[in-house]
file entry.txt (compact mmCIF, C-alpha atoms (C1' of nucleotides))
# COMPACT_ATOMS: atom_id res chain seq x y z
CA MET A 1 28.44 -62.64 15.49
CA ALA A 2 26.01 -61.35 18.04
CA SER A 3 27.20 -60.19 21.41
CA PRO A 4 26.53 -62.58 24.27
CA ARG A 5 25.69 -59.64 26.48
CA ARG A 6 22.17 -59.05 27.65
CA MET A 7 20.35 -56.05 26.34
CA GLY A 8 17.37 -54.02 27.48
CA SER A 9 14.30 -53.72 25.30
CA PRO A 10 13.86 -50.62 23.15
CA GLU A 11 10.59 -49.80 24.87
CA ALA A 12 12.04 -49.54 28.34
CA LYS A 13 11.37 -46.29 30.14
CA ASN A 14 14.94 -45.98 31.34
CA ARG A 15 16.24 -46.36 27.82
CA ALA A 16 14.28 -43.31 26.78
CA ALA A 17 15.49 -41.48 29.87
CA LEU A 18 19.08 -42.13 28.82
CA LEU A 19 18.43 -40.77 25.34
CA ASP A 20 16.80 -37.68 26.81
CA ALA A 21 19.74 -37.12 29.11
CA ALA A 22 22.23 -37.55 26.28
CA GLU A 23 20.49 -34.95 24.14
CA GLN A 24 20.29 -32.50 26.99
CA ILE A 25 23.99 -32.77 27.76
CA MET A 26 24.89 -32.50 24.09
CA LEU A 27 22.97 -29.26 23.89
CA GLU A 28 24.33 -27.76 27.06
CA GLU A 29 27.95 -28.85 26.89
CA GLY A 30 28.60 -30.46 23.53
CA TYR A 31 28.71 -34.12 22.60
CA PRO A 32 32.07 -35.00 24.19
CA ALA A 33 30.53 -34.20 27.57
CA ALA A 34 27.88 -36.84 26.97
CA SER A 35 29.87 -39.67 28.48
CA SER A 36 28.22 -42.84 29.70
CA ARG A 37 28.66 -41.79 33.29
CA ARG A 38 27.35 -38.27 32.91
CA VAL A 39 24.41 -39.40 30.83
CA ALA A 40 23.43 -42.00 33.39
CA GLU A 41 23.85 -39.52 36.21
CA LYS A 42 21.60 -36.97 34.52
CA ALA A 43 19.01 -39.69 33.98
CA GLY A 44 19.21 -40.59 37.66
CA LEU A 45 20.63 -44.02 36.88
CA LYS A 46 23.83 -45.94 37.47
CA HIS A 47 26.37 -45.67 34.70
CA GLN A 48 26.48 -49.40 34.09
CA LEU A 49 22.93 -49.31 32.82
CA VAL A 50 24.12 -47.52 29.72
CA HIS A 51 25.88 -50.74 28.79
CA TYR A 52 22.83 -52.75 29.54
CA TYR A 53 20.66 -50.74 27.17
CA PHE A 54 23.29 -50.04 24.51
CA HIS A 55 26.29 -51.94 23.23
CA GLY A 56 28.35 -48.77 23.48
CA MET A 57 28.25 -45.03 23.15
CA ASP A 58 28.14 -45.28 19.39
CA GLU A 59 24.89 -47.17 19.57
CA LEU A 60 23.46 -44.74 22.10
CA PHE A 61 24.21 -41.73 19.91
CA THR A 62 22.85 -43.44 16.84
CA ALA A 63 19.66 -44.34 18.68
CA ALA A 64 19.29 -40.79 19.97
CA PHE A 65 19.73 -39.37 16.51
CA ARG A 66 17.30 -41.80 14.93
CA ARG A 67 14.64 -41.05 17.50
CA SER A 68 15.09 -37.33 16.98
CA ALA A 69 15.02 -37.68 13.20
CA GLU A 70 11.85 -39.74 13.25
CA ARG A 71 10.20 -37.12 15.42
CA GLY A 72 11.37 -34.47 12.96
CA LEU A 73 9.88 -36.33 10.02
CA ARG A 74 6.51 -36.43 11.75
CA VAL A 75 6.63 -32.73 12.59
CA GLN A 76 7.66 -31.86 9.06
CA ALA A 77 4.90 -33.96 7.53
CA GLU A 78 2.43 -32.04 9.64
CA ALA A 79 3.96 -28.69 8.69
CA LEU A 80 3.94 -29.50 4.99
CA LYS A 81 0.19 -30.03 5.05
CA SER A 82 -0.09 -26.25 5.22
CA ALA A 83 -1.69 -24.31 2.38
CA GLN A 84 1.60 -22.36 2.33
CA PRO A 85 4.24 -25.12 2.34
CA LEU A 86 7.13 -22.78 1.53
CA TRP A 87 6.30 -20.50 4.43
CA ALA A 88 5.88 -23.55 6.63
CA LEU A 89 9.28 -24.91 5.63
CA TRP A 90 10.94 -21.56 6.18
CA ARG A 91 9.30 -20.88 9.52
CA TRP A 92 9.95 -24.35 10.78
CA HIS A 93 13.65 -24.22 9.99
CA THR A 94 14.24 -20.70 11.27
CA ASN A 95 12.49 -21.42 14.55
CA SER A 96 13.68 -24.96 14.94
CA LEU A 97 14.92 -25.45 18.43
CA ASN A 98 16.86 -28.56 17.61
CA ALA A 99 19.14 -26.97 15.05
CA PRO A 100 21.93 -26.88 17.65
CA LEU A 101 21.41 -30.59 18.21
CA TRP A 102 21.92 -31.24 14.52
CA THR A 103 25.14 -29.26 14.62
CA GLU A 104 26.37 -31.59 17.32
CA TYR A 105 25.40 -34.69 15.39
CA ILE A 106 27.06 -33.44 12.22
CA ALA A 107 30.27 -32.66 14.06
CA MET A 108 30.10 -36.07 15.68
CA ALA A 109 29.57 -37.72 12.31
CA ASN A 110 33.08 -36.73 11.28
CA HIS A 111 34.49 -39.62 13.22
CA ARG A 112 31.60 -41.92 13.94
CA LYS A 113 30.83 -43.52 10.62
CA GLY A 114 27.69 -45.32 11.78
CA LEU A 115 26.17 -42.00 12.69
CA ARG A 116 27.33 -40.52 9.43
CA ALA A 117 25.38 -43.07 7.40
CA GLU A 118 22.36 -42.46 9.58
CA ILE A 119 22.46 -38.70 9.04
CA SER A 120 22.91 -39.15 5.33
CA TYR A 121 19.92 -41.49 5.18
CA TYR A 122 17.61 -39.21 7.09
CA SER A 123 18.72 -36.07 5.27
CA LYS A 124 17.62 -37.71 2.06
CA ARG A 125 14.31 -38.78 3.54
CA PHE A 126 13.62 -35.24 4.75
CA ARG A 127 14.43 -33.87 1.34
CA GLU A 128 12.31 -36.44 -0.49
CA GLU A 129 9.26 -35.66 1.60
CA GLN A 130 9.71 -31.96 0.94
CA ARG A 131 10.30 -32.45 -2.74
CA TRP A 132 6.98 -33.50 -4.16
CA ILE A 133 4.98 -31.15 -1.99
CA VAL A 134 7.10 -28.15 -2.90
CA ASP A 135 7.08 -29.24 -6.52
CA ARG A 136 3.32 -29.32 -6.58
CA ALA A 137 3.11 -25.95 -4.85
CA LEU A 138 5.57 -24.24 -7.19
CA ARG A 139 3.70 -25.50 -10.24
CA SER A 140 0.43 -24.23 -8.84
CA TYR A 141 2.05 -20.81 -8.39
CA GLY A 142 3.01 -20.88 -12.05
CA VAL A 143 6.74 -21.13 -11.38
CA ASP A 144 8.72 -22.58 -14.28
CA PRO A 145 10.44 -25.77 -13.03
CA ASP A 146 13.37 -25.02 -15.33
CA GLU A 147 13.84 -21.63 -13.71
CA LEU A 148 13.40 -22.88 -10.16
CA PRO A 149 13.29 -26.65 -9.61
CA ALA A 150 11.65 -27.74 -6.37
CA VAL A 151 14.85 -29.30 -5.02
CA ALA A 152 16.72 -26.06 -5.59
CA ALA A 153 14.05 -24.06 -3.77
CA ILE A 154 14.33 -26.49 -0.87
CA VAL A 155 18.11 -26.39 -0.73
CA LEU A 156 18.02 -22.60 -0.84
CA LEU A 157 15.43 -22.23 1.91
CA THR A 158 16.97 -24.77 4.24
CA SER A 159 20.56 -23.64 3.68
CA ILE A 160 19.82 -20.04 4.41
CA SER A 161 17.72 -20.75 7.47
CA ARG A 162 20.22 -23.22 8.84
CA VAL A 163 23.09 -20.75 8.68
CA LEU A 164 20.98 -17.94 10.09
CA VAL A 165 20.09 -20.01 13.12
CA MET A 166 23.69 -21.11 13.58
CA GLU A 167 25.06 -17.58 13.39
CA GLU A 168 22.39 -16.24 15.68
CA GLU A 169 23.63 -18.66 18.31
CA LEU A 170 27.17 -17.54 17.80
CA GLY A 171 26.14 -13.94 18.25
CA VAL A 172 26.77 -12.88 14.66
CA PRO A 173 23.50 -11.35 13.46
CA ASP A 174 25.06 -9.05 10.85
CA GLY A 175 23.01 -8.91 7.67
CA HIS A 176 20.35 -11.27 8.97
CA ALA A 177 17.47 -8.83 8.95
CA GLU A 178 18.26 -7.85 5.37
CA THR A 179 18.50 -11.46 4.27
CA VAL A 180 15.28 -12.47 5.97
CA ALA A 181 13.56 -9.53 4.30
CA ILE A 182 14.61 -10.71 0.86
CA VAL A 183 13.57 -14.29 1.42
CA GLU A 184 10.23 -13.35 2.91
CA ARG A 185 9.52 -10.85 0.17
CA TYR A 186 9.94 -13.65 -2.33
CA LEU A 187 7.81 -16.06 -0.30
CA THR A 188 5.07 -13.44 -0.11
CA LYS A 189 5.22 -12.98 -3.86
CA LEU A 190 4.61 -16.70 -4.32
CA GLU A 191 2.30 -17.64 -1.46
CA GLY A 192 0.98 -14.32 -0.18
CA GLU A 193 1.23 -13.07 3.37
CA PRO A 194 1.68 -15.90 5.86
CA THR A 195 -1.43 -16.90 7.77
CA VAL A 196 -1.15 -17.53 11.47
CA GLY A 197 -2.40 -21.13 11.50
CA MET B 1 46.95 -13.04 38.66
CA ALA B 2 49.44 -14.29 36.14
CA SER B 3 50.57 -17.87 36.17
CA PRO B 4 54.03 -18.46 37.61
CA ARG B 5 54.62 -21.11 35.01
CA ARG B 6 57.14 -20.60 32.26
CA MET B 7 55.88 -20.27 28.73
CA GLY B 8 57.40 -20.72 25.28
CA SER B 9 57.53 -17.85 22.85
CA PRO B 10 54.87 -17.59 20.14
CA GLU B 11 57.53 -17.75 17.44
CA ALA B 12 58.91 -21.10 18.44
CA LYS B 13 58.97 -23.73 15.72
CA ASN B 14 57.55 -26.42 17.98
CA ARG B 15 54.65 -24.23 18.91
CA ALA B 16 53.63 -24.06 15.29
CA ALA B 17 54.16 -27.79 14.96
CA LEU B 18 51.70 -28.35 17.80
CA LEU B 19 49.10 -26.15 16.13
CA ASP B 20 49.56 -28.01 12.85
CA ALA B 21 49.18 -31.34 14.59
CA ALA B 22 46.05 -30.19 16.40
CA GLU B 23 44.38 -29.09 13.18
CA GLN B 24 45.26 -32.29 11.43
CA ILE B 25 43.79 -34.45 14.18
CA MET B 26 40.67 -32.29 14.34
CA LEU B 27 40.13 -32.85 10.64
CA GLU B 28 40.78 -36.55 10.69
CA GLU B 29 39.10 -37.57 13.91
CA GLY B 30 37.23 -34.60 15.30
CA TYR B 31 38.23 -32.17 18.00
CA PRO B 32 37.77 -34.44 21.01
CA ALA B 33 40.57 -36.61 19.63
CA ALA B 34 42.93 -33.65 19.75
CA SER B 35 44.11 -34.27 23.29
CA SER B 36 47.35 -32.83 24.57
CA ARG B 37 49.03 -36.21 24.38
CA ARG B 38 47.88 -37.09 20.87
CA VAL B 39 48.71 -33.64 19.55
CA ALA B 40 52.21 -33.80 20.95
CA GLU B 41 52.71 -37.29 19.60
CA LYS B 42 51.65 -36.27 16.11
CA ALA B 43 54.06 -33.33 16.31
CA GLY B 44 56.82 -35.69 17.37
CA LEU B 45 57.12 -34.09 20.79
CA LYS B 46 56.56 -35.06 24.39
CA HIS B 47 53.12 -34.30 25.74
CA GLN B 48 54.43 -32.08 28.49
CA LEU B 49 55.55 -29.55 25.93
CA VAL B 50 51.95 -28.71 25.22
CA HIS B 51 51.80 -27.24 28.70
CA TYR B 52 55.02 -25.39 28.16
CA TYR B 53 53.74 -23.64 25.06
CA PHE B 54 50.12 -23.21 26.16
CA HIS B 55 48.44 -22.73 29.50
CA GLY B 56 45.91 -25.38 28.60
CA MET B 57 44.01 -26.94 25.76
CA ASP B 58 41.66 -23.99 25.62
CA GLU B 59 44.54 -21.72 24.81
CA LEU B 60 45.90 -24.12 22.23
CA PHE B 61 42.59 -24.33 20.39
CA THR B 62 42.11 -20.59 20.51
CA ALA B 63 45.60 -20.04 19.13
CA ALA B 64 45.00 -22.57 16.36
CA PHE B 65 41.75 -20.92 15.40
CA ARG B 66 43.22 -17.44 15.44
CA ARG B 67 46.12 -18.47 13.25
CA SER B 68 43.78 -20.12 10.79
CA ALA B 69 41.42 -17.13 10.77
CA GLU B 70 44.24 -14.66 10.14
CA ARG B 71 45.41 -16.78 7.25
CA GLY B 72 41.85 -16.81 5.93
CA LEU B 73 41.59 -13.04 6.12
CA ARG B 74 44.72 -12.68 4.03
CA VAL B 75 43.47 -15.17 1.42
CA GLN B 76 40.09 -13.47 1.28
CA ALA B 77 41.63 -10.03 0.87
CA GLU B 78 43.56 -11.35 -2.10
CA ALA B 79 40.46 -13.00 -3.58
CA LEU B 80 38.35 -9.87 -3.19
CA LYS B 81 40.78 -7.88 -5.33
CA SER B 82 39.28 -9.72 -8.30
CA ALA B 83 37.36 -7.82 -10.96
CA GLN B 84 34.53 -10.26 -10.17
CA PRO B 85 34.33 -10.17 -6.38
CA LEU B 86 31.05 -12.07 -6.20
CA TRP B 87 32.39 -14.92 -8.27
CA ALA B 88 35.56 -14.86 -6.17
CA LEU B 89 33.58 -15.06 -2.95
CA TRP B 90 31.42 -17.88 -4.26
CA ARG B 91 34.27 -19.89 -5.68
CA TRP B 92 36.39 -19.44 -2.61
CA HIS B 93 33.67 -20.66 -0.26
CA THR B 94 32.55 -23.59 -2.39
CA ASN B 95 36.12 -24.81 -2.85
CA SER B 96 37.35 -23.96 0.60
CA LEU B 97 39.23 -26.89 2.00
CA ASN B 98 39.03 -25.69 5.55
CA ALA B 99 35.26 -25.68 5.79
CA PRO B 100 35.41 -28.93 7.79
CA LEU B 101 37.82 -27.28 10.17
CA TRP B 102 35.34 -24.47 10.77
CA THR B 103 32.64 -27.01 11.50
CA GLU B 104 34.85 -28.42 14.21
CA TYR B 105 35.55 -25.02 15.71
CA ILE B 106 31.89 -24.07 15.71
CA ALA B 107 30.93 -27.30 17.43
CA MET B 108 33.71 -26.73 19.92
CA ALA B 109 32.51 -23.18 20.56
CA ASN B 110 29.34 -24.55 22.14
CA HIS B 111 31.19 -25.22 25.34
CA ARG B 112 34.42 -23.26 25.12
CA LYS B 113 33.39 -19.67 25.58
CA GLY B 114 36.80 -18.20 24.85
CA LEU B 115 36.74 -19.81 21.45
CA ARG B 116 33.17 -18.68 20.95
CA ALA B 117 34.11 -15.03 21.36
CA GLU B 118 37.03 -15.52 19.01
CA ILE B 119 34.84 -17.02 16.28
CA SER B 120 32.31 -14.27 16.70
CA TYR B 121 35.01 -11.62 16.40
CA TYR B 122 36.55 -13.06 13.27
CA SER B 123 33.21 -13.78 11.62
CA LYS B 124 32.45 -10.10 11.89
CA ARG B 125 35.84 -9.14 10.51
CA PHE B 126 35.38 -11.43 7.52
CA ARG B 127 31.98 -9.96 6.86
CA GLU B 128 33.17 -6.36 7.20
CA GLU B 129 35.93 -6.87 4.71
CA GLN B 130 33.50 -8.39 2.26
CA ARG B 131 30.92 -5.72 2.80
CA TRP B 132 32.34 -2.59 1.27
CA ILE B 133 33.84 -4.39 -1.69
CA VAL B 134 30.59 -6.18 -2.52
CA ASP B 135 28.68 -2.98 -1.93
CA ARG B 136 30.83 -1.10 -4.42
CA ALA B 137 30.53 -3.94 -6.95
CA LEU B 138 26.75 -4.21 -6.69
CA ARG B 139 26.35 -0.47 -7.17
CA SER B 140 28.57 -0.57 -10.25
CA TYR B 141 26.32 -3.32 -11.64
CA GLY B 142 23.35 -1.05 -11.18
CA VAL B 143 21.78 -3.16 -8.41
CA ASP B 144 19.39 -1.23 -6.20
CA PRO B 145 20.75 -1.41 -2.60
CA ASP B 146 17.17 -1.47 -1.32
CA GLU B 147 16.40 -4.53 -3.42
CA LEU B 148 19.63 -6.32 -2.58
CA PRO B 149 21.82 -4.84 0.16
CA ALA B 150 25.46 -5.95 0.05
CA VAL B 151 25.26 -7.69 3.44
CA ALA B 152 22.30 -9.73 2.27
CA ALA B 153 24.12 -10.78 -0.90
CA ILE B 154 27.05 -11.87 1.24
CA VAL B 155 24.93 -13.79 3.72
CA LEU B 156 23.12 -15.51 0.86
CA LEU B 157 26.28 -16.51 -0.99
CA THR B 158 28.16 -17.69 2.04
CA SER B 159 25.20 -19.52 3.60
CA ILE B 160 24.43 -21.47 0.48
CA SER B 161 28.03 -22.40 -0.23
CA ARG B 162 28.67 -23.38 3.35
CA VAL B 163 25.77 -25.80 3.45
CA LEU B 164 26.61 -27.23 0.03
CA VAL B 165 30.14 -28.02 1.14
CA MET B 166 28.91 -29.51 4.39
CA GLU B 167 26.34 -31.73 2.72
CA GLU B 168 28.77 -32.82 0.06
CA GLU B 169 30.98 -34.15 2.83
CA LEU B 170 28.09 -35.98 4.37
CA GLY B 171 27.29 -37.56 1.04
CA VAL B 172 24.01 -35.75 0.47
CA PRO B 173 24.36 -34.07 -2.93
CA ASP B 174 20.63 -34.00 -3.73
CA GLY B 175 19.59 -30.77 -5.38
CA HIS B 176 23.08 -29.33 -5.36
CA ALA B 177 23.58 -29.15 -9.11
CA GLU B 178 20.25 -27.36 -9.51
CA THR B 179 21.06 -24.91 -6.75
CA VAL B 180 24.53 -24.15 -8.06
CA ALA B 181 23.01 -23.55 -11.50
CA ILE B 182 20.63 -20.94 -10.12
CA VAL B 183 23.30 -19.11 -8.14
CA GLU B 184 25.77 -19.11 -10.98
CA ARG B 185 23.15 -17.98 -13.46
CA TYR B 186 22.56 -14.96 -11.27
CA LEU B 187 26.26 -14.29 -10.80
CA THR B 188 26.73 -14.43 -14.56
CA LYS B 189 23.92 -11.96 -15.03
CA LEU B 190 25.70 -9.53 -12.71
CA GLU B 191 29.38 -10.10 -13.40
CA GLY B 192 29.44 -12.03 -16.66
CA GLU B 193 31.10 -15.38 -17.20
CA PRO B 194 33.83 -16.06 -14.67
CA THR B 195 37.37 -15.50 -15.93
CA VAL B 196 39.99 -18.09 -15.10
CA GLY B 197 42.43 -15.84 -13.26
C1' DG C 1 16.84 -54.90 35.77
C1' DT C 2 19.93 -53.22 38.74
C1' DC C 3 23.64 -53.60 41.73
C1' DT C 4 29.01 -54.01 43.50
C1' DA C 5 33.42 -54.50 42.07
C1' DT C 6 37.05 -54.20 39.04
C1' DA C 7 40.15 -53.66 34.96
C1' DA C 8 42.52 -51.14 31.64
C1' DT C 9 43.21 -46.84 29.48
C1' DC C 10 43.53 -42.16 28.83
C1' DA C 11 43.07 -37.30 30.11
C1' DG C 12 45.15 -32.65 31.85
C1' DA C 13 48.41 -30.75 34.76
C1' DT C 14 52.60 -29.80 37.64
C1' DA C 15 57.31 -30.25 40.03
C1' DG C 16 61.77 -30.34 39.47
C1' DA C 17 66.18 -32.22 37.23
C1' DC C 18 69.11 -31.44 33.25
C1' DG D 1 63.61 -26.08 26.08
C1' DT D 2 63.08 -30.53 27.05
C1' DC D 3 63.24 -34.29 29.97
C1' DT D 4 61.60 -37.99 33.91
C1' DA D 5 58.39 -38.80 37.18
C1' DT D 6 54.16 -38.39 39.29
C1' DC D 7 49.47 -37.07 40.70
C1' DT D 8 44.54 -37.03 40.17
C1' DG D 9 40.54 -37.88 38.00
C1' DA D 10 37.57 -39.54 34.16
C1' DT D 11 36.37 -42.86 30.64
C1' DT D 12 34.51 -47.36 28.47
C1' DA D 13 33.60 -51.80 29.48
C1' DT D 14 32.91 -56.36 31.69
C1' DA D 15 31.94 -60.15 35.19
C1' DG D 16 29.04 -61.76 38.29
C1' DA D 17 25.93 -61.29 42.57
C1' DC D 18 21.17 -60.08 43.81
call {"tool": "encode", "arguments": {"input": "entry.txt", "output": "structure tokens"}}
result
Amino acid sequence: MASPRRMGSPEAKNRAALLDAAEQIMLEEGYPAASSRRVAEKAGLKHQLVHYYFHGMDELFTAAFRRSAERGLRVQAEALKSAQPLWALWRWHTNSLNAPLWTEYIAMANHRKGLRAEISYYSKRFREEQRWIVDRALRSYGVDPDELPAVAAIVLLTSISRVLVMEEELGVPDGHAETVAIVERYLTKLEGEPTVG
Amino acid sequence: MASPRRMGSPEAKNRAALLDAAEQIMLEEGYPAASSRRVAEKAGLKHQLVHYYFHGMDELFTAAFRRSAERGLRVQAEALKSAQPLWALWRWHTNSLNAPLWTEYIAMANHRKGLRAEISYYSKRFREEQRWIVDRALRSYGVDPDELPAVAAIVLLTSISRVLVMEEELGVPDGHAETVAIVERYLTKLEGEPTVG
DNA sequence: GTCTATAATCAGATAGAC
DNA sequence: GTCTATCTGATTATAGAC
């Protein structure tokens, strides 16, 4: 049963402004601070407009995540075109500025099941896109797929980088330099020194 | 300037009950649901008692984290006595039931600076305790510390296991079996097959 | 699309009696 | 230690005018 309430179009400028504001607050103060009123205020709008553009906060957060994930997929697709896809994957994840945002979404997903399904769906899409490109690359480097399957290489690279970024933010850099050295030594063995472009 | 308010002793039974209740709610519904009123209710107490035992929610969360971290240090110390410390570390982190709780605390730390310092402090203590034991083990296995420093081995093991647990919860198990196989193959090469005890 | 106005609920915190 | 009572402010959400 559809809601009788009116609803703003997805293309509206103010809708995007609300999503921007939500993400900014989530980053600066954590997702519980991203209330309808504060989000609207940061967007320079009245708080009631949140309910005009979204059925509720759940829908707003889901929309924000989806938009951010779609952007990420486009950026990743571009990065994976590199002649050194492993380096590209590694660099992208270790530099990624929106890692903190993902942390917020994952924490939020613990009690917002709609968001949880969304994160699960996009995580799989990210991994699928990486998979065949990395698989092709590893084979061309002469890596035995039984020794190191592409999915495993991906999980390893992304896990390590994700935790490094997270700990860096927390101010716990112990062992990071040594770990990065090991990973990058291996990447160099496979793909050579990273090129700038 | 100290608060003039009265305060319950840290040994009080109800204080512990409040901490238990807070952790349980955090796990089930996420940390924003752990309000003073809901925590007290779950502990079977009146909500005003939260303010008798703690100066505020910040203090409650910090106390809950510290208690949980101290417990973790004791469990880890026991685990690291194993003849196979790397296996122990790996198994402990991949099975750890309180990984979700840590996710909550880390998300919370983004806007509660007291908690942030606490997490940083304990993360370092965990890593220090692991360090010399893993270092001694790796040397006894004949591993070159320049090739694989103990800190790096620790960061690698804990990063990978942490992300595996997190993704498992999200329902994204893709590539996990392959990754676990690679890690465990390496652990077996160093420490042999894991013993049950 | 955007506004005013309003309802219902919940939060953290404190004073003071018992 | 625990209670009643109370204060103050924030939150989501809706109806209906403009």
call {"tool": "closest_residue", "arguments": {"input": "entry.txt", "among": "A:Glu184, A:Glu29, A:Glu147, A:Asp58", "to": "chain D", "atoms": "all atoms listed in the file"}}
result
A:Asp58
call {"tool": "closest_residue", "arguments": {"input": "entry.txt", "among": "B:Ala107, B:Ala34, B:Leu101, B:Ile133", "to": "chain A", "atoms": "all atoms listed in the file"}}
result
B:Ala107
call {"tool": "interface_residues", "arguments": {"input": "entry.txt", "of": "chain B", "to": "chain A", "cutoff": "8 Å", "atoms": "only C-alpha atoms", "output": "ChimeraX atom specification"}}
result
/B:28-30,32,103-104,107-108,110-111,116,119-120,123-124,147-149,151-153,155-156,159-160,163-164,170-172,174-176,178-179,182
call {"tool": "write_last_selection", "arguments": {"input": "entry.txt", "atoms": "C-alpha atoms", "output": "PDB file, in the coordinates of the input"}}
result
ATOM      1  CA  GLU B  28      40.780 -36.550  10.690  1.00  0.00           C
ATOM      2  CA  GLU B  29      39.100 -37.570  13.910  1.00  0.00           C
ATOM      3  CA  GLY B  30      37.230 -34.600  15.300  1.00  0.00           C
ATOM      4  CA  PRO B  32      37.770 -34.440  21.010  1.00  0.00           C
ATOM      5  CA  THR B 103      32.640 -27.010  11.500  1.00  0.00           C
ATOM      6  CA  GLU B 104      34.850 -28.420  14.210  1.00  0.00           C
ATOM      7  CA  ALA B 107      30.930 -27.300  17.430  1.00  0.00           C
ATOM      8  CA  MET B 108      33.710 -26.730  19.920  1.00  0.00           C
ATOM      9  CA  ASN B 110      29.340 -24.550  22.140  1.00  0.00           C
ATOM     10  CA  HIS B 111      31.190 -25.220  25.340  1.00  0.00           C
ATOM     11  CA  ARG B 116      33.170 -18.680  20.950  1.00  0.00           C
ATOM     12  CA  ILE B 119      34.840 -17.020  16.280  1.00  0.00           C
ATOM     13  CA  SER B 120      32.310 -14.270  16.700  1.00  0.00           C
ATOM     14  CA  SER B 123      33.210 -13.780  11.620  1.00  0.00           C
ATOM     15  CA  LYS B 124      32.450 -10.100  11.890  1.00  0.00           C
ATOM     16  CA  GLU B 147      16.400  -4.530  -3.420  1.00  0.00           C
ATOM     17  CA  LEU B 148      19.630  -6.320  -2.580  1.00  0.00           C
ATOM     18  CA  PRO B 149      21.820  -4.840   0.160  1.00  0.00           C
ATOM     19  CA  VAL B 151      25.260  -7.690   3.440  1.00  0.00           C
ATOM     20  CA  ALA B 152      22.300  -9.730   2.270  1.00  0.00           C
ATOM     21  CA  ALA B 153      24.120 -10.780  -0.900  1.00  0.00           C
ATOM     22  CA  VAL B 155      24.930 -13.790   3.720  1.00  0.00           C
ATOM     23  CA  LEU B 156      23.120 -15.510   0.860  1.00  0.00           C
ATOM     24  CA  SER B 159      25.200 -19.520   3.600  1.00  0.00           C
ATOM     25  CA  ILE B 160      24.430 -21.470   0.480  1.00  0.00           C
ATOM     26  CA  VAL B 163      25.770 -25.800   3.450  1.00  0.00           C
ATOM     27  CA  LEU B 164      26.610 -27.230   0.030  1.00  0.00           C
ATOM     28  CA  LEU B 170      28.090 -35.980   4.370  1.00  0.00           C
ATOM     29  CA  GLY B 171      27.290 -37.560   1.040  1.00  0.00           C
ATOM     30  CA  VAL B 172      24.010 -35.750   0.470  1.00  0.00           C
ATOM     31  CA  ASP B 174      20.630 -34.000  -3.730  1.00  0.00           C
ATOM     32  CA  GLY B 175      19.590 -30.770  -5.380  1.00  0.00           C
ATOM     33  CA  HIS B 176      23.080 -29.330  -5.360  1.00  0.00           C
ATOM     34  CA  GLU B 178      20.250 -27.360  -9.510  1.00  0.00           C
ATOM     35  CA  THR B 179      21.060 -24.910  -6.750  1.00  0.00           C
ATOM     36  CA  ILE B 182      20.630 -20.940 -10.120  1.00  0.00           C
TER      37      ILE B 182
END
call {"tool": "closest_atom_pairs", "arguments": {"input": "entry.txt", "of": "chain A", "to": "chain D", "cutoff": "10 Å", "atoms": "all atoms listed in the file", "output": "JSON lines"}}
result
{"residue": "A:Arg5", "atom": "CA", "partner": "D:DT14", "partner_atom": "C1'", "distance": 9.5}
{"residue": "A:Ser35", "atom": "CA", "partner": "D:DT11", "partner_atom": "C1'", "distance": 7.6}
{"residue": "A:Ser36", "atom": "CA", "partner": "D:DT12", "partner_atom": "C1'", "distance": 7.8}
{"residue": "A:Arg37", "atom": "CA", "partner": "D:DT11", "partner_atom": "C1'", "distance": 8.2}
{"residue": "A:Gln48", "atom": "CA", "partner": "D:DA13", "partner_atom": "C1'", "distance": 8.8}
{"residue": "A:His51", "atom": "CA", "partner": "D:DA13", "partner_atom": "C1'", "distance": 7.8}
{"residue": "A:His55", "atom": "CA", "partner": "D:DA13", "partner_atom": "C1'", "distance": 9.6}
{"residue": "A:Gly56", "atom": "CA", "partner": "D:DT12", "partner_atom": "C1'", "distance": 8.1}
{"residue": "A:Met57", "atom": "CA", "partner": "D:DT12", "partner_atom": "C1'", "distance": 8.5}
call {"tool": "closest_atom_pairs", "arguments": {"input": "entry.txt", "of": "chain C", "to": "chain B", "cutoff": "9 Å", "atoms": "all atoms listed in the file", "output": "Markdown table"}}
result
| residue | atom | partner | partner_atom | distance |
| --- | --- | --- | --- | --- |
| C:DA11 | C1' | B:Ser35 | CA | 7.5 |
| C:DG12 | C1' | B:Ser36 | CA | 7.6 |
| C:DA13 | C1' | B:His51 | CA | 7.8 |
call {"tool": "atom_distance", "arguments": {"input": "entry.txt", "atom1": "atom CA of A:Asp135", "atom2": "atom CA of A:Asn98"}}
result
26.0 Å
call {"tool": "residues_around", "arguments": {"input": "entry.txt", "residues": "B:Leu19", "least_positions_apart": "2", "cutoff": "9 Å", "atoms": "only C-alpha atoms (C1' of nucleotides)", "output": "tab-separated table (two decimals) with C-alpha atoms, in the frame of the given file"}}
result
chain	number	residue	atom	x	y	z
B	14	ASN	CA	57.55	-26.42	17.98
B	15	ARG	CA	54.65	-24.23	18.91
B	16	ALA	CA	53.63	-24.06	15.29
B	17	ALA	CA	54.16	-27.79	14.96
B	21	ALA	CA	49.18	-31.34	14.59
B	22	ALA	CA	46.05	-30.19	16.40
B	23	GLU	CA	44.38	-29.09	13.18
B	24	GLN	CA	45.26	-32.29	11.43
B	39	VAL	CA	48.71	-33.64	19.55
B	43	ALA	CA	54.06	-33.33	16.31
B	60	LEU	CA	45.90	-24.12	22.23
B	61	PHE	CA	42.59	-24.33	20.39
B	63	ALA	CA	45.60	-20.04	19.13
B	64	ALA	CA	45.00	-22.57	16.36
B	67	ARG	CA	46.12	-18.47	13.25
call {"tool": "axis_aligned_box", "arguments": {"input": "entry.txt", "around": "chain D", "padding_each_side": "6 Å", "output": "AutoDock Vina command-line options"}}
result
--center_x 42.4 --center_y -43.9 --center_z 34.9 --size_x 54.4 --size_y 47.7 --size_z 29.7
